[in-house]
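Okay, structure first, notes after.
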Amino acid sequence: MALIKPFAALRPQPQLAAEICELPYDVLSSAEARQQAQGRPLSFFHVSKPEIDLPESTDPYSSAVYDKARENFTALIKQGALQHEKKPCFYLYRQIMGGHSQTGLVAAASCEAYLQGTIKKHELTRIDKEEDRIRHIETLNSQTGPVFLTYRADPAFDAFITQKTSEKPDTDFKARDGVQHSTWTLRNAAEIQMVENTFAKMSALYIADGHHRSAAAGRIFQKRKGAGDSGWFLSVIFPHNQMQILPYNRVLRDLNGLQPSQLLQKLETIFDMTPTTEPQPSAKHQLGFYFQNRWNRLTFKPAFTTSKDPIEQLDVTLLQKNVLAPLFRIEDPRTSKHIQFVGGIRGTGELEKLVNIGEFACAFSMFPTGIEDLMSIADAGGIMPPKSTWFEPKLRDGLFSHMI
């Protein structure tokens with residue numbers, strides 16, 4: 001079974017890409033999207049978060065929202081801001097964020113391979129979020145946000161990518177957050193065949209980010225029985241050694257009735273605790289703990305890190321199992337109202353701010369989960385705890401769309 005295939009993308013006119021392409025729909029609120037899209041009629045937020053064009057009281061899951069997405073998407077196509085590639089191609093997509101650079105292959109990935117487990121997942125999904133993506137995709141008949149995949153780096157293929165990206169890009173722009181985005185098109189039949197042959201030899205691909213998008217695509221494929229191009233989903237596939245994972249930090253609303261001295265005493269049975277001026281941990285099994293206006297470095301005592309199970313070795317698992325559940329009564333972090341997750345891109349200053357203003361009682365800064373851990377767990381069929389990884393930079397919605 002083929003893991004990927006070329007496709008005829010719907011893409012922005014190069015000179016309009018900076019004005020059209022936006023962050024993924026799920027990394028900012030409707031209010032933030034409304035503010036960023038204000039006075040910018042080409043912004044893809046009008047498609048990915050169309051509630052911004054309706055009264056603020058509108059239910060974001062109402063039919064009117066999805067209908068508005070279709071209206072705005074169609075308008076971008078009719079006015080020529082988005083244009084169809086004439087024939088199926090592969091594409092290269094490079095992102096540069098500060099000193100970090102990563103280049104991925106843009107392709108249509110197989111829904112069948114996803115359902116059979118050859119494209120491997122590592123997270124659970126929520127039905128309500130799947131349903132939202134299904135309605136958005138089916139209303140537009142298009143996947144407008146890519147799934148972020150990774151493969152075990154192939155030196156020969158990565159050398160080919162390096163050579164191709166030395167050429168002039170089709171699209172090249174710096175987004176408002178400072179990330180540089182560049183794309184190239186692989187139209188040559190021999191190059192397309194080489195890409196297909198390379199990925200035909202791979203035993204697996206791994207979902208890094210986009211579990212709800214891929215799950216929605218799989219359900220639409222089953223519903224439509226593969227009609228049209230519904231058997232494939234939009235993806236960008238990066239070599240594993242270029243991935244940048246930031247921590248996914250935790251803030252807790254209260255101390256679950258514990259006095260501060262009681263909490264510290266209990267933590268000292270689990271961790272070696274030392275005051276620090278460095279809020280970000282420097283190694284696995286270390287955490288930063290912000291409480292009472294100061295940071296402490298927490299290092300798990302050896303007795304807590306003896307398991308050989310890769311899931312049990314994750315710091316997010318150790319924290320959940322030994323601290324959040326027994327001390328704070330947070331049994332299910334996906335649904336608990338007592339915990340909030342803060343992406344590492346916001347920095348540890350955000351944790352300090354949330355605690356200092358009294359909205360939260362304390363914060364834990366995490367050491368990033370490793371990509372090798374992710375792949376090992378996916379290979380074993382395991383499921384990582386929620387909010388284990390935060391990938392940066394984020395792929396842009398609207399840069400490529402896949403019509404199904």
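Every chain in the structure tokens takes a letter, A first, then B, and so on in the order presented; its residues are numbered from 1, and the ligands are numbered from 1 following the presented order.
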
Going by DSSP on the backbone, which bits of region 153-370 of chain A are strand (DSSP E)? Write them as a PyMOL selection string, please.
chain A and resi 171-174+180-186+205-209+232-239+245-246+248-252+271-276+286-291+294-300+339-343+362-365

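The residue set within 6 Å of Ala107 (chain A), counting only C-alpha atoms and dropping same-chain residues fewer than 5 places from it, reads Pro6, Phe90 and Ser235 of chain A.
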
For Trp390 (chain A), which of A:Val27, A:Met194, A:Ala378, A:Leu258 is the closest residue, counting only C-alpha atoms?
A:Val27

Which polymer residues have any atom within 12 Å of an atom of Ser30 (chain A), counting only C-alpha atoms, with same-chain residues fewer than 2 positions away left out, as an NGL selection string?
:A and (24-28 or 32-37 or 45-46 or 48-60 or 65)

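Counting only C-alpha atoms and comparing A:Leu287, A:Leu42, A:Ala31, A:Leu298, the residue that lies closest to Thr274 (chain A) is A:Leu298.
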
Could the residues of region 273-369 of chain A that have an atom at most 10 Å from region 261-269 of chain A be listed as a tab-separated table, each with its closest atom pair and the distance in Å to one decimal, counting only C-alpha atoms and ordered by chain and ascending residue number?
residue	atom	partner	partner_atom	distance
A:Met273	CA	A:Glu268	CA	6.4
A:Thr274	CA	A:Glu268	CA	10.0
A:Phe291	CA	A:Leu264	CA	9.6
A:Leu298	CA	A:Leu267	CA	8.6
A:Thr299	CA	A:Glu268	CA	9.8
A:Phe300	CA	A:Thr269	CA	9.4
A:Lys301	CA	A:Thr269	CA	8.2
A:Asn322	CA	A:Leu267	CA	9.4
A:Val323	CA	A:Leu267	CA	7.7
A:Leu327	CA	A:Leu263	CA	7.9
A:Phe328	CA	A:Leu263	CA	9.6

Can I get the selection written as a PDB file, in the first residue's frame, with N, CA, C and O atoms?
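Here's the written file out_21.pdb:
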ATOM      1  N   MET A 273      14.655  18.554  45.879  1.00  0.00           N
ATOM      2  CA  MET A 273      14.199  19.917  45.596  1.00  0.00           C
ATOM      3  C   MET A 273      15.285  20.919  45.964  1.00  0.00           C
ATOM      4  O   MET A 273      15.807  20.897  47.084  1.00  0.00           O
ATOM      5  N   THR A 274      15.628  21.796  45.017  1.00  0.00           N
ATOM      6  CA  THR A 274      16.628  22.827  45.275  1.00  0.00           C
ATOM      7  C   THR A 274      16.165  24.146  44.672  1.00  0.00           C
ATOM      8  O   THR A 274      15.608  24.166  43.563  1.00  0.00           O
ATOM      9  N   PHE A 291       6.223  28.470  42.786  1.00  0.00           N
ATOM     10  CA  PHE A 291       5.293  28.511  43.915  1.00  0.00           C
ATOM     11  C   PHE A 291       5.799  29.558  44.897  1.00  0.00           C
ATOM     12  O   PHE A 291       7.004  29.647  45.161  1.00  0.00           O
ATOM     13  N   LEU A 298      13.013  20.487  40.631  1.00  0.00           N
ATOM     14  CA  LEU A 298      12.583  19.193  41.153  1.00  0.00           C
ATOM     15  C   LEU A 298      13.206  18.087  40.317  1.00  0.00           C
ATOM     16  O   LEU A 298      13.071  18.078  39.090  1.00  0.00           O
ATOM     17  N   THR A 299      13.869  17.161  40.959  1.00  0.00           N
ATOM     18  CA  THR A 299      14.453  16.004  40.274  1.00  0.00           C
ATOM     19  C   THR A 299      13.846  14.742  40.871  1.00  0.00           C
ATOM     20  O   THR A 299      13.931  14.522  42.087  1.00  0.00           O
ATOM     21  N   PHE A 300      13.204  13.932  40.036  1.00  0.00           N
ATOM     22  CA  PHE A 300      12.579  12.710  40.550  1.00  0.00           C
ATOM     23  C   PHE A 300      13.608  11.830  41.254  1.00  0.00           C
ATOM     24  O   PHE A 300      14.709  11.618  40.743  1.00  0.00           O
ATOM     25  N   LYS A 301      13.252  11.345  42.429  1.00  0.00           N
ATOM     26  CA  LYS A 301      14.120  10.401  43.125  1.00  0.00           C
ATOM     27  C   LYS A 301      14.219   9.117  42.296  1.00  0.00           C
ATOM     28  O   LYS A 301      13.250   8.728  41.613  1.00  0.00           O
ATOM     29  N   ASN A 322       2.425  10.509  40.002  1.00  0.00           N
ATOM     30  CA  ASN A 322       2.972  10.650  41.346  1.00  0.00           C
ATOM     31  C   ASN A 322       2.624  11.967  42.026  1.00  0.00           C
ATOM     32  O   ASN A 322       2.778  12.089  43.243  1.00  0.00           O
ATOM     33  N   VAL A 323       2.153  12.954  41.246  1.00  0.00           N
ATOM     34  CA  VAL A 323       1.870  14.267  41.822  1.00  0.00           C
ATOM     35  C   VAL A 323       0.435  14.720  41.532  1.00  0.00           C
ATOM     36  O   VAL A 323      -0.353  14.947  42.452  1.00  0.00           O
ATOM     37  N   LEU A 327      -1.849  14.008  44.766  1.00  0.00           N
ATOM     38  CA  LEU A 327      -1.787  15.215  45.588  1.00  0.00           C
ATOM     39  C   LEU A 327      -2.868  16.238  45.226  1.00  0.00           C
ATOM     40  O   LEU A 327      -3.395  16.917  46.111  1.00  0.00           O
ATOM     41  N   PHE A 328      -3.186  16.344  43.942  1.00  0.00           N
ATOM     42  CA  PHE A 328      -4.116  17.381  43.499  1.00  0.00           C
ATOM     43  C   PHE A 328      -5.464  16.827  43.037  1.00  0.00           C
ATOM     44  O   PHE A 328      -6.342  17.581  42.646  1.00  0.00           O
TER      45      PHE A 328
END
